[in-house]
Amino acid sequence: MTYFPNVEKIKYEGSNTTNQFAFRHYNSEEIVLGKPMKEHLRFAIAYWHTMTQDGSDPFGNPINQRPWFGKTPMETARNRVEAFFEICEKLGAEYFCFHDVDIAPEGESLAEFFANLDEITDLIKEKMDQTGVKLLWNTANMFSNARFVNGAASTNNAEVYAIAAAQVKKGLDISKKLGGQNYVFWGGREGYETLLNTNMSFEQENIARLFKMAVAYGEKISHKPQFLIEPKPKEPAKHQYDFDAATTMAFIQKYGLEGDLKLNLEANHATLAGHTFEHEIAVARSYDALGSLDANQGDVLLGWDTDEFPTNIYDVTLAMYEVLENGGIAPGGINFDSKVRRSSFEVDDLLLAHIAGMDTFARGLKSAAKLKEDGFFDRLKEERYASFEKGIGKKIVENQENLESLTEYALSHDEPTMTSSHIEYIKNLLNDYLV
Ligand code: XUL
Ligand code: CO
């Protein structure tokens with residue numbers, strides 16, 4: 001049984017190929033900076049956008065007709081497993097990610113949902129054993145069900161909090177069963193609509209409490225995936241507590257969760273927060289908290305989370321440079337939290353879109369590796385901060401100065417000579433590196 005009869009296993013054929021089902025730049029075994037591309041990139045396929053997205057939007061009905069649709073929700077769920085692993089294998093993607101609700105229907109009760117999850121994760125485990133595809137991370141969807149209207153861990157309703165906790169426990173049991181390398185918390189509705197009726201500190205304490213329960217449960221069952229928080233400033237909540245990397249790190253530190261939680265950073269979430277992707281990665285790195293990446297891109301003309309497949313080589317190069325500076329992304333990976341545009345409704349578009357994303361990351365990786373080999377940014381930064389390498393600058397960074405001594409220095413010296421940053425020249429040179 002195949003769901004993609006038109007497509008063989010996708011291979012690297014170089015940029016001159018006319019075969020649309022071929023990689024033009026991603027050559028999994030090619031060595032870049034001493035290791036194969038696939039080890040740098042650790043690509044993961046997202047179950048939700050790939051298997052469950054129906055192409056509807058606030059103004060339009062579902063459009064995606066998928067060959068894995070069955071007669072019942074469970075039949076569809078079983079077919080999806082088959083189709084999903086065919087996609088992973090054909091793309092040569094070694095990892096995948098899912099929410100609990102992506103893989104199995106919720107049914108009429110929590111107990112039925114959990115039983116459905118048991119059945120489907122048995123199938124998934126079989127497929128993982130057959131194909132060697134590994135679980136990068138799973139997560140619990142605690143934002144779609146109507147009960148989460150006021151949040152999950154930040155809810156005002158303690159009964160809802162208990163259900164959220166049960167979903168996290170189940171998520172960790174599944175993570176253990178499938179050997180998950182990370183476990184993600186994205187707080188879709190962990191935020192507030194208005195401060196008029198919200199106790200912000202209380203809600204955040206409750207969120208921290210749930211994280212602590214998760215860490216404790218992982219220890220109890222001797223399964224310790226890397227726990228990750230995924231920041232996002234808004235959508236669906238008007239104001240989400242995990243606004244961006246810096247806000248999330250403040251939360252992690254406030255509740256003493258350093259070491260227990262790192263960050264899963266998403267390109268389009270960075271844009272929504274008014275940052276670049278590389279900014280978010282650099283902030284995480286400065287706290288030694290870079291965990292994993294959700295790869296996609298937003299649209300500068302639109303103000304929402306469009307989750308487009310990444311095709312912007314410039315942005316991806318700068319993100320990959322940060323990853324290289326981090327010494328890699330493992331045990332995290334690069335998860336395509338990306339969806340095909342509504343007008344790309346044919347099933348094969350799912351493969352073409354991932355090929356585009358993987359090729360773009362391959363180009364970004366190569367460009368970033370060249371920048372690193374040439375010491376492009378190192379040199380620029382070294383020159384820029386050179387005044388702190390000698391004389392008074394050296395004494396400042398060695399903590400040998402104070403306000404009085406620096407005042408004395410400033411009064412006894414002439415106005416400093418300033419140098420231009422030549423930003424346009426730098427950008428012109430940077431363009432030469434884009435593969
Ligand atoms: C939503 C989003 C999620 C998380 C996992 O914007 O990014 O899909 O990645 O819940
Ligand atoms: Co995401």
# chains A, B, ... in the order shown; residues from 1 in each chain; ligands from 1

$ residues_around --residues "Leu324 (chain A)" --least-positions-apart "6" --cutoff "9 Å" --atoms "only C-alpha atoms" --output "list in words"
His40, Leu365, Ala368, Ala369 and Lys372 of chain A

$ write_last_selection --atoms "N, CA and C atoms" --output "PDB file, in the first residue's frame"
ATOM      1  N   HIS A  40      23.793  17.584  11.370  1.00  0.00           N
ATOM      2  CA  HIS A  40      23.640  19.003  11.721  1.00  0.00           C
ATOM      3  C   HIS A  40      22.160  19.355  11.835  1.00  0.00           C
ATOM      4  N   LEU A 365      22.789  26.029   6.007  1.00  0.00           N
ATOM      5  CA  LEU A 365      23.883  25.363   6.737  1.00  0.00           C
ATOM      6  C   LEU A 365      25.218  25.598   6.029  1.00  0.00           C
ATOM      7  N   ALA A 368      26.326  29.188   6.361  1.00  0.00           N
ATOM      8  CA  ALA A 368      26.744  29.465   7.730  1.00  0.00           C
ATOM      9  C   ALA A 368      28.106  28.829   8.015  1.00  0.00           C
ATOM     10  N   ALA A 369      28.311  27.619   7.467  1.00  0.00           N
ATOM     11  CA  ALA A 369      29.596  26.935   7.694  1.00  0.00           C
ATOM     12  C   ALA A 369      30.732  27.742   7.074  1.00  0.00           C
ATOM     13  N   LYS A 372      31.498  30.680   9.141  1.00  0.00           N
ATOM     14  CA  LYS A 372      32.232  30.283  10.350  1.00  0.00           C
ATOM     15  C   LYS A 372      33.691  29.977  10.009  1.00  0.00           C
TER      16      LYS A 372
END

$ residues_around --residues "Thr131 (chain A)" --least-positions-apart "3" --cutoff "12 Å" --atoms "only C-alpha atoms" --output "VMD selection string"
chain A and resid 82 84 to 90 92 to 95 124 to 128 134 to 135

$ write_last_selection --atoms "C-alpha atoms" --output "PDB file, in the first residue's frame"
ATOM      1  CA  GLU A  82       1.017   4.360   7.426  1.00  0.00           C
ATOM      2  CA  PHE A  84       3.095   9.493   7.747  1.00  0.00           C
ATOM      3  CA  PHE A  85       5.938   7.003   7.908  1.00  0.00           C
ATOM      4  CA  GLU A  86       5.898   6.736   4.118  1.00  0.00           C
ATOM      5  CA  ILE A  87       6.477  10.512   4.033  1.00  0.00           C
ATOM      6  CA  CYS A  88       9.320  10.344   6.576  1.00  0.00           C
ATOM      7  CA  GLU A  89      10.985   7.499   4.691  1.00  0.00           C
ATOM      8  CA  LYS A  90      10.596   9.076   1.260  1.00  0.00           C
ATOM      9  CA  GLY A  92      14.764  10.660   4.541  1.00  0.00           C
ATOM     10  CA  ALA A  93      13.656  12.657   7.610  1.00  0.00           C
ATOM     11  CA  GLU A  94      14.867  10.843  10.702  1.00  0.00           C
ATOM     12  CA  TYR A  95      12.636  12.458  13.340  1.00  0.00           C
ATOM     13  CA  ILE A 124       3.557   4.101  15.662  1.00  0.00           C
ATOM     14  CA  LYS A 125       6.072   2.080  17.661  1.00  0.00           C
ATOM     15  CA  GLU A 126       5.916  -0.735  15.112  1.00  0.00           C
ATOM     16  CA  LYS A 127       6.543   1.745  12.301  1.00  0.00           C
ATOM     17  CA  MET A 128       9.406   3.385  14.198  1.00  0.00           C
ATOM     18  CA  LYS A 134      12.808   8.548  15.895  1.00  0.00           C
ATOM     19  CA  LEU A 135      10.621  10.745  18.069  1.00  0.00           C
TER      20      LEU A 135
END

$ residues_around --residues "Glu39 (chain A)" --least-positions-apart "3" --cutoff "10 Å" --atoms "only C-alpha atoms" --output "list in words"
Ser28, Glu29, Ile31, Val32, Lys35, Pro36, Arg42, Phe43, Glu94, Gly328, Ile329, Ala330 and Gly333 of chain A

$ residues_around --residues "Ser201 (chain A)" --least-positions-apart "6" --cutoff "12 Å" --atoms "only C-alpha atoms" --output "PyMOL selection string"
chain A and resi 154+191-192+195+207-208+241+251+254-255

$ closest_atom_pairs --of "chain A" --to "ligand 1" --cutoff "7 Å" --atoms "only C-alpha atoms and all ligand atoms" --output "tab-separated table"
residue	atom	partner	partner_atom_place_in_ligand_line	distance
A:His99	CA	ligand 1	10 (O)	6.6
A:Thr139	CA	ligand 1	10 (O)	6.4
A:Asn141	CA	ligand 1	10 (O)	6.3
A:Val184	CA	ligand 1	5 (C)	6.9
A:Phe185	CA	ligand 1	10 (O)	6.7
A:Trp186	CA	ligand 1	10 (O)	4.7
A:Gly188	CA	ligand 1	1 (C)	6.8
A:Glu230	CA	ligand 1	9 (O)	6.8
A:Glu266	CA	ligand 1	7 (O)	6.7
A:Asp294	CA	ligand 1	9 (O)	6.6
A:Asp305	CA	ligand 1	6 (O)	6.7
A:Asp337	CA	ligand 1	9 (O)	6.2

$ residues_near_ligand --ligand "ligand 2" --cutoff "12 Å" --atoms "only C-alpha atoms and all ligand atoms" --output "MDAnalysis selection string"
chainID A and resid 44:49 97:99 137:139 141 184:188 228:232 235 263:270 292:297 305:308 334:339

$ closest_residue --among "A:Leu272, A:Met358, A:Leu371, A:Ile174" --to "Asp299 (chain A)" --atoms "only C-alpha atoms"
A:Leu272

$ residues_around --residues "Leu91 (chain A)" --least-positions-apart "6" --cutoff "8 Å" --atoms "only C-alpha atoms" --output "mmCIF file with C-alpha atoms, in the first residue's frame"
data_model
loop_
_atom_site.group_PDB
_atom_site.id
_atom_site.type_symbol
_atom_site.label_atom_id
_atom_site.label_comp_id
_atom_site.auth_asym_id
_atom_site.auth_seq_id
_atom_site.Cartn_x
_atom_site.Cartn_y
_atom_site.Cartn_z
ATOM 1 C CA LYS A 9 12.567 7.774 -2.283
ATOM 2 C CA ILE A 10 13.745 11.355 -2.736
ATOM 3 C CA LEU A 351 6.545 16.333 -0.205
ATOM 4 C CA HIS A 354 9.325 19.620 2.723
ATOM 5 C CA ILE A 355 11.881 19.342 -0.091
#

$ residues_around --residues "Lys212 (chain A)" --least-positions-apart "6" --cutoff "10 Å" --atoms "only C-alpha atoms" --output "list in words"
Asn206, Gly218, Tyr255, Gly256, Leu257, Asp260 and Leu261 of chain A

$ write_last_selection --atoms "N, CA and C atoms" --output "PDB file, in the first residue's frame"
ATOM      1  N   ASN A 206       0.911  28.503  38.974  1.00  0.00           N
ATOM      2  CA  ASN A 206       0.280  27.223  38.613  1.00  0.00           C
ATOM      3  C   ASN A 206       0.936  26.588  37.393  1.00  0.00           C
ATOM      4  N   GLY A 218       8.861  12.521  35.259  1.00  0.00           N
ATOM      5  CA  GLY A 218       9.917  11.974  34.390  1.00  0.00           C
ATOM      6  C   GLY A 218      10.951  11.229  35.226  1.00  0.00           C
ATOM      7  N   TYR A 255      11.182  30.682  38.842  1.00  0.00           N
ATOM      8  CA  TYR A 255      10.656  29.485  39.506  1.00  0.00           C
ATOM      9  C   TYR A 255      11.714  28.401  39.691  1.00  0.00           C
ATOM     10  N   GLY A 256      12.993  28.769  39.545  1.00  0.00           N
ATOM     11  CA  GLY A 256      14.079  27.818  39.835  1.00  0.00           C
ATOM     12  C   GLY A 256      14.064  26.601  38.922  1.00  0.00           C
ATOM     13  N   LEU A 257      13.680  26.804  37.652  1.00  0.00           N
ATOM     14  CA  LEU A 257      13.595  25.671  36.729  1.00  0.00           C
ATOM     15  C   LEU A 257      14.792  25.601  35.764  1.00  0.00           C
ATOM     16  N   ASP A 260      16.195  22.361  34.143  1.00  0.00           N
ATOM     17  CA  ASP A 260      15.091  21.434  33.855  1.00  0.00           C
ATOM     18  C   ASP A 260      14.445  21.732  32.512  1.00  0.00           C
ATOM     19  N   LEU A 261      14.430  22.995  32.136  1.00  0.00           N
ATOM     20  CA  LEU A 261      13.719  23.397  30.931  1.00  0.00           C
ATOM     21  C   LEU A 261      14.607  24.235  30.023  1.00  0.00           C
TER      22      LEU A 261
END

$ atom_distance --atom1 "CA of Gly171 (chain A)" --atom2 "CA of Ala140 (chain A)"
6.1 Å

$ atom_distance --atom1 "CA of Leu430 (chain A)" --atom2 "CA of Pro310 (chain A)"
19.7 Å

$ select_by_dssp --residues "region 46-210 of chain A" --states "strand (DSSP E or B)" --output "list in words"
Ala46, Asp57, Gly60, Tyr95, Phe96, Cys97, Phe98, His99, Lys134, Leu135, Leu136, Trp137, Asn138, Thr139, Asn182, Tyr183, Val184, Phe185, Gly191 and Tyr192 of chain A

$ write_last_selection --atoms "N, CA and C atoms" --output "compact mmCIF listing (two decimals), in the first residue's frame"
# COMPACT_ATOMS: atom_id res chain seq x y z
N ALA A 46 6.36 17.38 11.23
CA ALA A 46 5.29 17.66 12.20
C ALA A 46 4.01 16.96 11.75
N ASP A 57 -9.59 27.94 6.29
CA ASP A 57 -9.14 29.17 6.94
C ASP A 57 -10.39 29.88 7.44
N GLY A 60 -12.72 30.03 4.59
CA GLY A 60 -12.85 28.96 3.60
C GLY A 60 -12.96 27.59 4.21
N TYR A 95 13.35 12.18 12.09
CA TYR A 95 12.64 12.46 13.34
C TYR A 95 11.21 12.93 13.04
N PHE A 96 10.37 12.88 14.06
CA PHE A 96 9.02 13.43 13.91
C PHE A 96 8.54 13.97 15.24
N CYS A 97 7.45 14.76 15.16
CA CYS A 97 6.89 15.41 16.35
C CYS A 97 5.36 15.34 16.25
N PHE A 98 4.69 15.25 17.39
CA PHE A 98 3.21 15.27 17.34
C PHE A 98 2.61 15.77 18.65
N HIS A 99 1.36 16.25 18.53
CA HIS A 99 0.51 16.48 19.71
C HIS A 99 -0.32 15.22 19.90
N LYS A 134 12.82 8.36 14.43
CA LYS A 134 12.81 8.55 15.89
C LYS A 134 11.91 9.72 16.30
N LEU A 135 11.50 9.69 17.57
CA LEU A 135 10.62 10.75 18.07
C LEU A 135 11.47 11.91 18.60
N LEU A 136 11.41 13.05 17.90
CA LEU A 136 12.14 14.23 18.40
C LEU A 136 11.42 14.78 19.62
N TRP A 137 10.11 15.01 19.49
CA TRP A 137 9.32 15.40 20.66
C TRP A 137 7.84 15.18 20.43
N ASN A 138 7.16 15.01 21.54
CA ASN A 138 5.70 15.04 21.52
C ASN A 138 5.24 16.07 22.53
N THR A 139 3.95 16.35 22.50
CA THR A 139 3.40 17.37 23.38
C THR A 139 1.91 17.08 23.56
N ASN A 182 12.87 14.72 23.43
CA ASN A 182 12.48 16.00 24.05
C ASN A 182 10.98 15.93 24.33
N TYR A 183 10.52 16.82 25.18
CA TYR A 183 9.08 16.95 25.42
C TYR A 183 8.76 18.44 25.46
N VAL A 184 7.77 18.87 24.66
CA VAL A 184 7.52 20.31 24.48
C VAL A 184 6.26 20.78 25.21
N PHE A 185 6.37 21.99 25.75
CA PHE A 185 5.19 22.70 26.27
C PHE A 185 5.04 23.98 25.47
N GLY A 191 -2.24 32.46 28.96
CA GLY A 191 -2.07 33.90 28.88
C GLY A 191 -3.36 34.52 29.37
N TYR A 192 -3.58 35.77 29.04
CA TYR A 192 -4.84 36.35 29.50
C TYR A 192 -5.47 37.26 28.47

$ atom_distance --atom1 "CA of Met37 (chain A)" --atom2 "CA of Ala362 (chain A)"
7.3 Å

$ closest_residue --among "A:Asp100, A:Asp359, A:Asp118, A:Glu13" --to "Lys177 (chain A)" --atoms "only C-alpha atoms"
A:Asp118
